[in-house]
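**Q** Pasting a structure here, questions to come.
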Amino acid sequence: MPAGTLYRGREGMWSWVAHRVTGVLIFFFLFVHVLDTALVRVSPEAYDTVVATYKTPIVALLEYGLVAAILFHALNGLRVIAVDFWVKGARYQKQMLWTVVALWVVLMIGAIYPVLGHAARELFGS
Amino acid sequence: MSTTESTASGIGPVEGASLYTVDNPAPLIEAPRARTKKTPKSTRGNFEMVAWLFMRLSGVVLVVLVIGHLLIQLVLDGGVSKIGFAFVAGRWASPFWQVWDLAMLWLAMLHGGNGLRTVINDYAERPNTRLWLKGLLYTATVFTILLGTLVIFTFDPNIR
Ligand code: HEM
């Protein structure tokens, strides 16, 4: 086990693991995302060709996963900030985590239609 | 004085009599870390503290920038289906969205880059591995920031 990574388990540890995994994931996505956007400097056709692949059902599913990662990281990031700066933050860290999870579930349900709707229409006809 | 005598605090009495009294106080020993005019300036900066603070400040700003970005790109007006060169041209015609995207690019890359630095520090143990991973990370981060900035500033809607 690498030094300094032993932790005490339960909500505190698992939220930290999820925050770290989502953070790294988002970084790698952002790297690729800047590259694909840079294609607007090559030609409108190059850009539109690549973006067309983003409109396929498989990529729509990946997009839904990306939204899940970003929403969790953003909400839990606000929780981490509250733990650090709010006097009672540490005492309520568990309650705040479950608030984060609840909000995340609601937002993810709300994202189903906007993010996956076009893929469903393509797969099952409209 | 008996050494078995019990005290209210649970701490046993100190053996031997004190050398000092109110009239004969112990010499004052200066704190070893007290800063004086002659103390040299610290050679270490506050880099890690500034980085820690930056993660939190940039995080708050990124919530607004990123959630707004997701709403515009993936939710409103038909979601991803509407995106194409024409859509990009329409958005970057406005300086407001140029500044928005520029701020989002810089903050997210610096925030994510610093976050990955922490991750490398945690898991890569051999000095050589750390050096190479960080070298790769810093190169990729600087490259992405510069490329993105260039694209936002030199975007040409009439390229064709
Ligand atoms: C959307 C708003 C965001 C918020 C509120 C946020 C918040 C935070 C906070 C507070 C930390 C520090 C955690 C700690 O010190 O324990 C952090 C870490 C991190 N963030 Fe973000 N972040 C956001 C967006 C992003 C983005 C866009 C990326 C990727 C480009 C990212 C990548 C990371 C990484 C890699 C870490 C390090 C994780 C670790 O050390 O375990 N974050 N984030």
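Labels for the structure tokens follow display order: chains A, B, ..., residues from 1 in each chain, ligands from 1.
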Check which residues of chain B sit at most 6 Å from ligand 1 using only C-alpha atoms and all ligand atoms, and return one row each with the closest pair of atoms and their distance in Å to one decimal, ordered by chain and rising number, as CSV.
**A**
residue,atom,partner,partner_atom_place_in_ligand_line,distance
B:Met55,CA,ligand 1,11 (C),5.3
B:Arg56,CA,ligand 1,10 (C),4.6
B:Gly59,CA,ligand 1,4 (C),3.6
B:Val60,CA,ligand 1,5 (C),5.1
B:Leu62,CA,ligand 1,2 (C),4.4
B:Val63,CA,ligand 1,2 (C),3.9
B:Val66,CA,ligand 1,1 (C),5.7
B:Ala108,CA,ligand 1,27 (C),4.6
B:Met109,CA,ligand 1,30 (C),5.3
B:His111,CA,ligand 1,31 (C),5.9
B:Gly112,CA,ligand 1,32 (C),3.8
B:Gly115,CA,ligand 1,37 (C),3.3
B:Leu116,CA,ligand 1,35 (C),4.7
B:Thr118,CA,ligand 1,40 (O),5.2
B:Val119,CA,ligand 1,40 (O),5.5
**Q** Residues of chain A no more than 7 Å from chain B, counting only C-alpha atoms: send them over as an mmCIF file with C-alpha atoms, in the first residue's frame.
**A**
data_model
loop_
_atom_site.group_PDB
_atom_site.id
_atom_site.type_symbol
_atom_site.label_atom_id
_atom_site.label_comp_id
_atom_site.auth_asym_id
_atom_site.auth_seq_id
_atom_site.Cartn_x
_atom_site.Cartn_y
_atom_site.Cartn_z
ATOM 1 C CA PRO A 2 1.524 3.373 -1.017
ATOM 2 C CA GLY A 4 -0.164 8.032 3.099
ATOM 3 C CA GLY A 23 -11.680 14.520 -10.972
ATOM 4 C CA VAL A 24 -9.092 12.509 -12.921
ATOM 5 C CA PHE A 27 -9.331 16.080 -16.601
ATOM 6 C CA PHE A 31 -7.872 17.357 -22.667
ATOM 7 C CA VAL A 34 -10.047 21.002 -26.167
ATOM 8 C CA ALA A 38 -9.539 23.032 -31.885
ATOM 9 C CA VAL A 40 -12.832 24.653 -35.730
ATOM 10 C CA ARG A 41 -9.473 26.173 -36.709
ATOM 11 C CA SER A 43 -12.198 23.548 -41.208
ATOM 12 C CA PRO A 44 -15.958 23.568 -40.563
ATOM 13 C CA TYR A 47 -15.286 19.896 -36.890
ATOM 14 C CA ASP A 48 -18.755 18.847 -38.020
ATOM 15 C CA VAL A 51 -19.096 16.266 -33.714
ATOM 16 C CA LYS A 55 -24.497 12.396 -31.743
ATOM 17 C CA ALA A 74 -19.177 19.615 -8.405
ATOM 18 C CA GLY A 77 -16.603 19.671 -4.105
ATOM 19 C CA ILE A 81 -15.427 23.377 0.802
ATOM 20 C CA PRO A 114 -32.158 15.990 -22.506
ATOM 21 C CA VAL A 115 -28.996 13.863 -22.800
#
**Q** Rank nothing, just name the residue among A:Met13, A:Glu45, A:Thr56, A:Arg20 nearest to A:Phe72, using only C-alpha atoms.
**A** A:Arg20
**Q** What's the 10 Å shell around stretch 96-112 of chain A, counting only C-alpha atoms, without same-chain residues fewer than 6 positions away, as a compact mmCIF listing (two decimals) with C-alpha atoms, in the first residue's frame?
**A**
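This went into around-v3.txt:
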# COMPACT_ATOMS: atom_id res chain seq x y z
CA GLU A 11 -18.74 7.71 3.88
CA GLY A 12 -15.70 9.95 4.30
CA SER A 15 -16.73 10.09 -1.14
CA LEU A 61 -24.36 7.08 -23.08
CA TYR A 64 -24.49 10.71 -19.61
CA GLY A 65 -21.62 9.17 -17.65
CA VAL A 67 -22.50 14.41 -16.74
CA ALA A 68 -22.76 12.01 -13.79
CA ALA A 69 -19.06 12.44 -12.99
CA LEU A 71 -22.30 16.65 -11.22
CA PHE A 72 -20.96 14.43 -8.44
CA HIS A 73 -17.57 16.17 -8.41
CA ALA A 74 -19.18 19.62 -8.40
CA LEU A 75 -21.69 18.86 -5.63
CA ASN A 76 -19.21 16.95 -3.48
CA GLY A 77 -16.60 19.67 -4.10
CA LEU A 78 -18.99 22.17 -2.54
CA ARG A 79 -19.35 19.76 0.39
CA VAL A 80 -15.56 19.57 0.80
CA ALA A 82 -18.18 23.47 3.45
CA VAL A 83 -16.29 20.94 5.60
CA GLY A 89 -18.88 21.42 8.44
CA ALA A 90 -17.00 18.45 9.82
CA LEU B 71 -27.00 23.41 -19.74
CA LEU B 74 -26.40 19.42 -23.68
CA VAL B 75 -29.83 20.47 -22.41
**Q** To one decimal place in Å, what is the distance between atom CA of A:Arg121 and atom CA of A:Val59?
**A**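 Result for atom CA of A:Arg121 versus atom CA of A:Val59: 14.4 Å, one decimal.
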**Q** By how many Å are atom CA of B:Leu133 and atom CA of A:Val21 apart?
**A**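 Atom CA of A:Val21 lies 17.4 Å from atom CA of B:Leu133.
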**Q** Assign secondary structure with DSSP using the backbone only, and return the residues of stretch 8-120 of chain A in alpha helix (DSSP H) as a ChimeraX atom specification.
**A** /A:10-37,44-53,57-85,93-111,117-120
**Q** Counting only C-alpha atoms, which residue out of B:Gly45, B:Leu146, B:Gly16, B:Phe153 sits closest to B:Val99?
**A** B:Phe153
